[in-house]
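Colleague: You'll find work-v1.pdb just under this line, and it carries PDB, C-alpha atoms, pLDDT in the B column.
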```pdb
MODEL        1
ATOM      1  CA  MET A   1     -14.963 -31.538   1.752  1.00 37.00           C
ATOM      2  CA  ALA A   2     -11.436 -30.894   2.977  1.00 38.00           C
ATOM      3  CA  ALA A   3     -10.898 -29.762   6.552  1.00 40.00           C
ATOM      4  CA  MET A   4     -10.492 -26.086   7.120  1.00 44.00           C
ATOM      5  CA  SER A   5      -7.050 -24.896   8.187  1.00 47.00           C
ATOM      6  CA  LYS A   6      -8.514 -21.911  10.028  1.00 72.00           C
ATOM      7  CA  ASP A   7     -11.860 -20.567  11.168  1.00 88.00           C
ATOM      8  CA  VAL A   8     -13.228 -17.987   8.734  1.00 93.00           C
ATOM      9  CA  LEU A   9     -14.884 -16.048  11.575  1.00 93.00           C
ATOM     10  CA  LYS A  10     -11.604 -15.700  13.436  1.00 94.00           C
ATOM     11  CA  ILE A  11      -9.969 -14.494  10.256  1.00 96.00           C
ATOM     12  CA  ALA A  12     -12.750 -11.960   9.636  1.00 97.00           C
ATOM     13  CA  ALA A  13     -12.638 -10.752  13.254  1.00 96.00           C
ATOM     14  CA  GLY A  14      -8.908 -10.257  12.930  1.00 97.00           C
ATOM     15  CA  GLU A  15      -9.575  -7.733  10.163  1.00 98.00           C
ATOM     16  CA  LEU A  16     -11.923  -5.516  12.222  1.00 98.00           C
ATOM     17  CA  GLY A  17     -10.892  -1.885  11.998  1.00 97.00           C
ATOM     18  CA  THR A  18      -9.022  -2.274   8.707  1.00 98.00           C
ATOM     19  CA  THR A  19      -9.743   0.753   6.508  1.00 98.00           C
ATOM     20  CA  GLU A  20      -9.171   1.887   2.953  1.00 98.00           C
ATOM     21  CA  GLN A  21      -5.776   3.408   2.226  1.00 96.00           C
ATOM     22  CA  PRO A  22      -6.020   6.193   1.294  1.00 96.00           C
ATOM     23  CA  ALA A  23      -9.429   7.018   2.713  1.00 95.00           C
ATOM     24  CA  ASN A  24     -12.423   6.977   0.375  1.00 95.00           C
ATOM     25  CA  SER A  25     -10.426   5.223  -2.336  1.00 97.00           C
ATOM     26  CA  ASN A  26     -11.862   1.675  -2.215  1.00 97.00           C
ATOM     27  CA  ARG A  27      -8.245   0.541  -2.123  1.00 98.00           C
ATOM     28  CA  THR A  28      -7.569  -2.383   0.219  1.00 98.00           C
ATOM     29  CA  LYS A  29      -5.517  -5.560   0.390  1.00 98.00           C
ATOM     30  CA  TYR A  30      -8.742  -7.480  -0.355  1.00 98.00           C
ATOM     31  CA  GLY A  31      -9.232  -5.701  -3.655  1.00 97.00           C
ATOM     32  CA  ALA A  32      -5.553  -6.062  -4.509  1.00 97.00           C
ATOM     33  CA  TRP A  33      -5.761  -9.804  -3.756  1.00 97.00           C
ATOM     34  CA  TYR A  34      -8.856 -10.185  -5.897  1.00 97.00           C
ATOM     35  CA  GLY A  35      -7.505  -8.076  -8.734  1.00 97.00           C
ATOM     36  CA  LEU A  36     -10.081  -5.275  -8.700  1.00 97.00           C
ATOM     37  CA  ASP A  37      -8.543  -2.814  -6.277  1.00 97.00           C
ATOM     38  CA  GLY A  38     -10.285   0.551  -6.243  1.00 97.00           C
ATOM     39  CA  ASN A  39     -13.770  -0.951  -6.645  1.00 98.00           C
ATOM     40  CA  PRO A  40     -16.476  -1.675  -4.025  1.00 98.00           C
ATOM     41  CA  TRP A  41     -15.062  -4.596  -2.064  1.00 98.00           C
ATOM     42  CA  CYS A  42     -17.577  -6.100   0.375  1.00 98.00           C
ATOM     43  CA  MET A  43     -17.790  -9.388  -1.566  1.00 98.00           C
ATOM     44  CA  MET A  44     -14.051  -9.345  -2.209  1.00 98.00           C
ATOM     45  CA  PHE A  45     -13.579  -9.189   1.574  1.00 98.00           C
ATOM     46  CA  VAL A  46     -15.802 -12.259   2.011  1.00 98.00           C
ATOM     47  CA  GLN A  47     -13.956 -14.105  -0.745  1.00 97.00           C
ATOM     48  CA  TRP A  48     -10.609 -13.199   0.851  1.00 97.00           C
ATOM     49  CA  CYS A  49     -11.657 -14.441   4.314  1.00 97.00           C
ATOM     50  CA  PHE A  50     -12.783 -17.823   3.008  1.00 94.00           C
ATOM     51  CA  ALA A  51      -9.638 -18.170   0.924  1.00 93.00           C
ATOM     52  CA  GLN A  52      -7.476 -17.431   3.977  1.00 93.00           C
ATOM     53  CA  ALA A  53      -9.417 -20.139   5.848  1.00 89.00           C
ATOM     54  CA  GLY A  54      -8.405 -22.690   3.256  1.00 84.00           C
ATOM     55  CA  LEU A  55     -11.550 -22.630   1.123  1.00 85.00           C
ATOM     56  CA  GLN A  56     -11.728 -20.950  -2.245  1.00 83.00           C
ATOM     57  CA  LEU A  57     -15.433 -20.282  -2.810  1.00 91.00           C
ATOM     58  CA  PRO A  58     -16.783 -22.225  -5.805  1.00 89.00           C
ATOM     59  CA  HIS A  59     -17.874 -19.051  -7.583  1.00 93.00           C
ATOM     60  CA  ARG A  60     -15.410 -16.186  -7.957  1.00 94.00           C
ATOM     61  CA  THR A  61     -17.250 -12.899  -8.146  1.00 97.00           C
ATOM     62  CA  ALA A  62     -17.130  -9.428  -6.603  1.00 98.00           C
ATOM     63  CA  SER A  63     -20.897  -9.003  -7.001  1.00 98.00           C
ATOM     64  CA  CYS A  64     -23.381  -9.808  -4.217  1.00 98.00           C
ATOM     65  CA  SER A  65     -26.262 -10.369  -6.636  1.00 97.00           C
ATOM     66  CA  ASP A  66     -24.146 -12.565  -8.896  1.00 97.00           C
ATOM     67  CA  MET A  67     -23.011 -14.690  -5.948  1.00 97.00           C
ATOM     68  CA  LEU A  68     -26.607 -15.251  -4.839  1.00 98.00           C
ATOM     69  CA  SER A  69     -27.747 -15.994  -8.399  1.00 97.00           C
ATOM     70  CA  TRP A  70     -24.982 -18.571  -8.829  1.00 95.00           C
ATOM     71  CA  TYR A  71     -25.891 -20.395  -5.636  1.00 95.00           C
ATOM     72  CA  ARG A  72     -29.603 -20.312  -6.459  1.00 97.00           C
ATOM     73  CA  ARG A  73     -28.861 -21.889  -9.824  1.00 94.00           C
ATOM     74  CA  TYR A  74     -26.139 -24.423  -8.992  1.00 92.00           C
ATOM     75  CA  GLN A  75     -26.392 -25.078  -5.227  1.00 91.00           C
ATOM     76  CA  PRO A  76     -29.913 -23.975  -4.221  1.00 94.00           C
ATOM     77  CA  GLU A  77     -29.864 -26.156  -1.107  1.00 92.00           C
ATOM     78  CA  ARG A  78     -27.209 -23.837   0.334  1.00 94.00           C
ATOM     79  CA  VAL A  79     -29.432 -20.743   0.100  1.00 97.00           C
ATOM     80  CA  VAL A  80     -31.216 -20.696   3.461  1.00 95.00           C
ATOM     81  CA  THR A  81     -33.527 -18.407   5.398  1.00 92.00           C
ATOM     82  CA  GLU A  82     -32.405 -19.167   8.977  1.00 92.00           C
ATOM     83  CA  PRO A  83     -28.850 -18.000   9.733  1.00 95.00           C
ATOM     84  CA  LYS A  84     -25.972 -19.757  11.418  1.00 93.00           C
ATOM     85  CA  PRO A  85     -22.502 -18.377  12.216  1.00 93.00           C
ATOM     86  CA  ARG A  86     -20.198 -18.363   9.175  1.00 94.00           C
ATOM     87  CA  ASP A  87     -23.027 -18.088   6.642  1.00 96.00           C
ATOM     88  CA  ILE A  88     -22.543 -15.501   3.924  1.00 98.00           C
ATOM     89  CA  ILE A  89     -25.259 -12.882   4.347  1.00 98.00           C
ATOM     90  CA  ILE A  90     -26.790 -11.094   1.362  1.00 98.00           C
ATOM     91  CA  TYR A  91     -28.588  -7.848   2.172  1.00 98.00           C
ATOM     92  CA  ASN A  92     -31.305  -6.226   0.086  1.00 98.00           C
ATOM     93  CA  PHE A  93     -29.218  -3.070  -0.379  1.00 98.00           C
ATOM     94  CA  GLY A  94     -26.409  -4.663  -2.381  1.00 97.00           C
ATOM     95  CA  HIS A  95     -24.122  -5.626   0.458  1.00 98.00           C
ATOM     96  CA  THR A  96     -22.688  -8.728   2.141  1.00 98.00           C
ATOM     97  CA  GLY A  97     -20.792  -9.984   5.165  1.00 98.00           C
ATOM     98  CA  ILE A  98     -20.173 -13.077   7.287  1.00 98.00           C
ATOM     99  CA  VAL A  99     -22.729 -13.967   9.958  1.00 97.00           C
ATOM    100  CA  GLU A 100     -21.344 -13.910  13.486  1.00 95.00           C
ATOM    101  CA  SER A 101     -24.524 -14.348  15.529  1.00 95.00           C
ATOM    102  CA  ALA A 102     -28.293 -14.003  15.286  1.00 95.00           C
ATOM    103  CA  ALA A 103     -31.111 -12.895  17.563  1.00 94.00           C
ATOM    104  CA  ALA A 104     -34.868 -12.939  17.101  1.00 94.00           C
ATOM    105  CA  SER A 105     -35.039  -9.856  14.896  1.00 96.00           C
ATOM    106  CA  THR A 106     -31.422  -8.837  14.321  1.00 97.00           C
ATOM    107  CA  ILE A 107     -28.305 -10.257  12.740  1.00 97.00           C
ATOM    108  CA  THR A 108     -24.704  -9.468  13.647  1.00 97.00           C
ATOM    109  CA  ALA A 109     -22.117  -9.838  10.900  1.00 98.00           C
ATOM    110  CA  ILE A 110     -18.558  -8.860  10.132  1.00 98.00           C
ATOM    111  CA  GLU A 111     -18.651  -6.779   6.973  1.00 98.00           C
ATOM    112  CA  GLY A 112     -16.122  -5.143   4.708  1.00 98.00           C
ATOM    113  CA  ASN A 113     -16.694  -1.919   2.758  1.00 98.00           C
ATOM    114  CA  THR A 114     -19.135  -0.507   5.294  1.00 98.00           C
ATOM    115  CA  SER A 115     -19.218   2.216   7.957  1.00 97.00           C
ATOM    116  CA  ALA A 116     -18.748   1.874  11.701  1.00 96.00           C
ATOM    117  CA  GLY A 117     -22.239   3.234  12.445  1.00 95.00           C
ATOM    118  CA  GLU A 118     -25.401   4.429  10.766  1.00 94.00           C
ATOM    119  CA  ALA A 119     -23.648   7.566   9.569  1.00 93.00           C
ATOM    120  CA  GLY A 120     -21.844   6.997   6.309  1.00 94.00           C
ATOM    121  CA  SER A 121     -22.416   4.536   3.507  1.00 97.00           C
ATOM    122  CA  GLN A 122     -23.578   1.086   4.557  1.00 97.00           C
ATOM    123  CA  SER A 123     -22.746  -0.623   1.272  1.00 97.00           C
ATOM    124  CA  ASN A 124     -19.690   1.336   0.180  1.00 97.00           C
ATOM    125  CA  GLY A 125     -18.089   2.546   3.383  1.00 97.00           C
ATOM    126  CA  GLY A 126     -14.451   2.690   4.297  1.00 96.00           C
ATOM    127  CA  GLY A 127     -13.637  -0.275   6.497  1.00 98.00           C
ATOM    128  CA  VAL A 128     -14.245  -3.637   8.130  1.00 98.00           C
ATOM    129  CA  PHE A 129     -16.705  -3.409  10.988  1.00 98.00           C
ATOM    130  CA  ARG A 130     -19.010  -5.548  13.099  1.00 98.00           C
ATOM    131  CA  ARG A 131     -22.584  -4.494  12.367  1.00 98.00           C
ATOM    132  CA  LYS A 132     -25.934  -5.422  13.908  1.00 97.00           C
ATOM    133  CA  ARG A 133     -28.800  -5.000  11.475  1.00 98.00           C
ATOM    134  CA  SER A 134     -32.477  -5.834  11.228  1.00 98.00           C
ATOM    135  CA  LYS A 135     -33.288  -9.177   9.645  1.00 97.00           C
ATOM    136  CA  ALA A 136     -35.770  -7.254   7.503  1.00 97.00           C
ATOM    137  CA  LEU A 137     -32.747  -6.088   5.470  1.00 98.00           C
ATOM    138  CA  VAL A 138     -31.662  -9.640   4.612  1.00 98.00           C
ATOM    139  CA  THR A 139     -32.422 -11.245   1.259  1.00 98.00           C
ATOM    140  CA  ALA A 140     -30.805 -14.631   1.954  1.00 98.00           C
ATOM    141  CA  TYR A 141     -28.019 -16.503   3.691  1.00 98.00           C
ATOM    142  CA  ILE A 142     -25.579 -18.779   1.873  1.00 97.00           C
ATOM    143  CA  ARG A 143     -24.406 -21.755   3.914  1.00 94.00           C
ATOM    144  CA  VAL A 144     -21.053 -22.771   2.489  1.00 89.00           C
ATOM    145  CA  PHE A 145     -21.010 -25.815   4.811  1.00 77.00           C
ATOM    146  CA  ASP A 146     -23.931 -27.918   5.998  1.00 68.00           C
ATOM    147  CA  ASN A 147     -22.132 -28.519   9.286  1.00 58.00           C
ATOM    148  CA  TRP A 148     -19.023 -26.477   9.981  1.00 56.00           C
ATOM    149  CA  GLU A 149     -17.810 -28.779  12.762  1.00 51.00           C
ATOM    150  CA  ASP A 150     -17.633 -31.675  10.294  1.00 48.00           C
ATOM    151  CA  ASN A 151     -14.978 -29.693   8.442  1.00 52.00           C
ATOM    152  CA  MET A 152     -12.771 -28.998  11.452  1.00 55.00           C
ATOM    153  CA  THR A 153      -9.629 -30.978  12.163  1.00 60.00           C
ATOM    154  CA  GLY A 154      -9.357 -32.999  15.347  1.00 61.00           C
ATOM    155  CA  LYS A 155      -6.948 -30.462  16.804  1.00 68.00           C
ATOM    156  CA  GLU A 156      -9.331 -27.584  16.020  1.00 60.00           C
ATOM    157  CA  ILE A 157     -12.196 -29.385  17.769  1.00 61.00           C
ATOM    158  CA  TYR A 158      -9.980 -30.199  20.778  1.00 70.00           C
ATOM    159  CA  ASP A 159      -8.685 -26.630  21.028  1.00 71.00           C
ATOM    160  CA  ALA A 160     -12.175 -25.138  20.724  1.00 65.00           C
ATOM    161  CA  LEU A 161     -13.560 -27.428  23.453  1.00 68.00           C
ATOM    162  CA  ASN A 162     -10.568 -26.793  25.700  1.00 73.00           C
ATOM    163  CA  ASP A 163     -10.888 -23.012  25.284  1.00 72.00           C
ATOM    164  CA  TYR A 164     -14.562 -23.241  26.220  1.00 63.00           C
ATOM    165  CA  LEU A 165     -13.964 -25.406  29.312  1.00 73.00           C
ATOM    166  CA  LYS A 166     -11.138 -23.208  30.588  1.00 75.00           C
ATOM    167  CA  LYS A 167     -13.589 -20.310  30.829  1.00 73.00           C
ATOM    168  CA  GLN A 168     -16.049 -22.266  32.963  1.00 79.00           C
ATOM    169  CA  PRO A 169     -16.034 -21.772  36.767  1.00 84.00           C
ATOM    170  CA  ILE A 170     -14.970 -24.534  39.151  1.00 84.00           C
ATOM    171  CA  PRO A 171     -18.047 -26.054  40.861  1.00 83.00           C
ATOM    172  CA  SER A 172     -18.266 -24.711  44.395  1.00 87.00           C
ATOM    173  CA  TRP A 173     -18.469 -28.200  45.885  1.00 88.00           C
ATOM    174  CA  ALA A 174     -15.113 -29.152  44.309  1.00 85.00           C
ATOM    175  CA  LYS A 175     -13.006 -26.209  45.457  1.00 88.00           C
ATOM    176  CA  SER A 176     -11.987 -27.514  48.898  1.00 90.00           C
ATOM    177  CA  GLU A 177     -11.064 -30.961  47.580  1.00 88.00           C
ATOM    178  CA  LEU A 178      -9.081 -29.404  44.746  1.00 87.00           C
ATOM    179  CA  GLU A 179      -7.120 -27.340  47.269  1.00 91.00           C
ATOM    180  CA  GLU A 180      -6.420 -30.513  49.246  1.00 89.00           C
ATOM    181  CA  ALA A 181      -5.302 -32.338  46.095  1.00 88.00           C
ATOM    182  CA  VAL A 182      -2.875 -29.503  45.329  1.00 89.00           C
ATOM    183  CA  LYS A 183      -1.424 -29.666  48.858  1.00 90.00           C
ATOM    184  CA  LEU A 184      -0.935 -33.419  48.473  1.00 88.00           C
ATOM    185  CA  GLY A 185       0.883 -32.935  45.176  1.00 90.00           C
ATOM    186  CA  ILE A 186      -1.693 -34.864  43.137  1.00 87.00           C
ATOM    187  CA  THR A 187      -2.180 -31.912  40.768  1.00 88.00           C
ATOM    188  CA  ASP A 188      -0.677 -28.465  40.369  1.00 89.00           C
ATOM    189  CA  GLY A 189      -4.115 -26.852  40.341  1.00 85.00           C
ATOM    190  CA  LYS A 190      -3.432 -24.931  37.142  1.00 87.00           C
ATOM    191  CA  GLU A 191      -6.268 -24.702  34.591  1.00 86.00           C
ATOM    192  CA  PRO A 192      -8.511 -26.985  36.660  1.00 85.00           C
ATOM    193  CA  MET A 193     -11.282 -27.024  34.040  1.00 84.00           C
ATOM    194  CA  ALA A 194      -9.020 -27.942  31.115  1.00 82.00           C
ATOM    195  CA  LEU A 195      -9.169 -31.308  29.395  1.00 81.00           C
ATOM    196  CA  ILE A 196      -6.531 -33.871  30.355  1.00 81.00           C
ATOM    197  CA  PRO A 197      -5.258 -36.881  28.351  1.00 82.00           C
ATOM    198  CA  ARG A 198      -5.488 -40.390  29.826  1.00 85.00           C
ATOM    199  CA  TYR A 199      -1.816 -40.511  30.823  1.00 87.00           C
ATOM    200  CA  GLN A 200      -2.220 -37.422  33.013  1.00 83.00           C
ATOM    201  CA  ALA A 201      -5.331 -38.883  34.623  1.00 82.00           C
ATOM    202  CA  ALA A 202      -3.455 -42.136  35.276  1.00 87.00           C
ATOM    203  CA  ILE A 203      -0.534 -40.271  36.897  1.00 86.00           C
ATOM    204  CA  MET A 204      -2.911 -38.283  39.120  1.00 81.00           C
ATOM    205  CA  ALA A 205      -4.650 -41.491  40.191  1.00 85.00           C
ATOM    206  CA  LYS A 206      -1.259 -43.088  40.956  1.00 87.00           C
ATOM    207  CA  ARG A 207      -0.248 -40.097  43.098  1.00 86.00           C
ATOM    208  CA  ALA A 208      -3.568 -40.224  44.962  1.00 84.00           C
ATOM    209  CA  ARG A 209      -3.096 -43.931  45.681  1.00 86.00           C
ATOM    210  CA  GLU A 210       0.418 -43.319  46.977  1.00 86.00           C
ATOM    211  CA  GLN A 211      -0.956 -40.672  49.347  1.00 80.00           C
ATOM    212  CA  ALA A 212      -3.649 -43.027  50.712  1.00 71.00           C
TER     213      ALA A 212
ENDMDL
END
```
Hey, can you dump this file as structure tokens for me?

Modeller:
Amino acid sequence: MAAMSKDVLKIAAGELGTTEQPANSNRTKYGAWYGLDGNPWCMMFVQWCFAQAGLQLPHRTASCSDMLSWYRRYQPERVVTEPKPRDIIIYNFGHTGIVESAAASTITAIEGNTSAGEAGSQSNGGGVFRRKRSKALVTAYIRVFDNWEDNMTGKEIYDALNDYLKKQPIPSWAKSELEEAVKLGITDGKEPMALIPRYQAAIMAKRAREQA
């Protein structure tokens, strides 16, 4: 399967807080994109997010039940019971979203056409919101990919790993030596946990040898 140009979860998260215009109209850019503006749009939101990520879902539908039925008939191996991030979630109250994370008894998803809290309609609300719900409300999860990482480009993998490492703390035992290395001009000390290519490592080693 072709590599994804973008991460569907990042795209979905970027839509958080988007609401119907005007209010209570079911009119959104997702419905306009799909061609059924003015109708309940939770599945249209999911379809839109995957399309923006570079993947047109194999079955075009605005119906949660129809989407699940199609996968059960044509790709049953992709209908799973244990969730992973980026799965399509199908709830037992006619609603859907994209799984963000899971705990023992709850699931957190980014959902369109829902309400920000328990007040208001859960399956035909007015916006895109992050919701935590009981797993007891879930009918199934649809795993569009067996392994999402296998569908990432090399740059996406590199960027994701680099972003993760940059957030990690410097080991306490390394701080004093890093400060000394900065004073010697071996490194500038910026982003000390970031990945470095071989040429940068070679230059740092050369500088260290010259200082010896």

Colleague: Quick check, in Å to one decimal: how far apart do atom CA of Val80 of chain A and atom CA of Ala140 of chain A lie?

Modeller: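 Separating atom CA of Val80 of chain A from atom CA of Ala140 of chain A is a distance of 6.3 Å.
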
Colleague: Mind telling me what the PyMOL selection byres ((chain A and resi 139) around 10) catches here, as number ranges by chain?

Modeller: A: 68, 80-81, 89-94, 135-138, 140-141

Colleague: If we count only C-alpha atoms and set the cut-off at 10 Å, which residues sit around Tyr71 of chain A, ignoring sequence neighbours fewer than 4 positions away in its own chain? Please answer as a list in words.

Modeller: Pro58, His59, Asp66, Met67, Gln75, Pro76, Glu77, Arg78, Val79, Ile142, Arg143 and Val144 of chain A

Colleague: Please evaluate the PyMOL selection byres ((chain A and resi 44) around 8) against the structure above and give the resulting residues as an mmCIF file with C-alpha atoms, keeping the file's coordinate frame.

Modeller:
```cif
data_model
loop_
_atom_site.group_PDB
_atom_site.id
_atom_site.type_symbol
_atom_site.label_atom_id
_atom_site.label_comp_id
_atom_site.auth_asym_id
_atom_site.auth_seq_id
_atom_site.Cartn_x
_atom_site.Cartn_y
_atom_site.Cartn_z
ATOM 1 C CA TYR A 30 -8.742 -7.480 -0.355
ATOM 2 C CA GLY A 31 -9.232 -5.701 -3.655
ATOM 3 C CA TYR A 34 -8.856 -10.185 -5.897
ATOM 4 C CA TRP A 41 -15.062 -4.596 -2.064
ATOM 5 C CA CYS A 42 -17.577 -6.100 0.375
ATOM 6 C CA MET A 43 -17.790 -9.388 -1.566
ATOM 7 C CA PHE A 45 -13.579 -9.189 1.574
ATOM 8 C CA VAL A 46 -15.802 -12.259 2.011
ATOM 9 C CA GLN A 47 -13.956 -14.105 -0.745
ATOM 10 C CA TRP A 48 -10.609 -13.199 0.851
ATOM 11 C CA THR A 61 -17.250 -12.899 -8.146
ATOM 12 C CA ALA A 62 -17.130 -9.428 -6.603
#
```

Colleague: So how far away is atom CA of Ala13 of chain A from atom CA of Gly35 of chain A, in Å?

Modeller: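 We find that atom CA of Gly35 of chain A and atom CA of Ala13 of chain A lie 22.7 Å from each other.
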
Colleague: Could you work out how far atom CA of Ala51 of chain A lies from atom CA of Trp33 of chain A, giving the answer in Å with one decimal?

Modeller: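 Atom CA of Ala51 of chain A lies 10.3 Å from atom CA of Trp33 of chain A.
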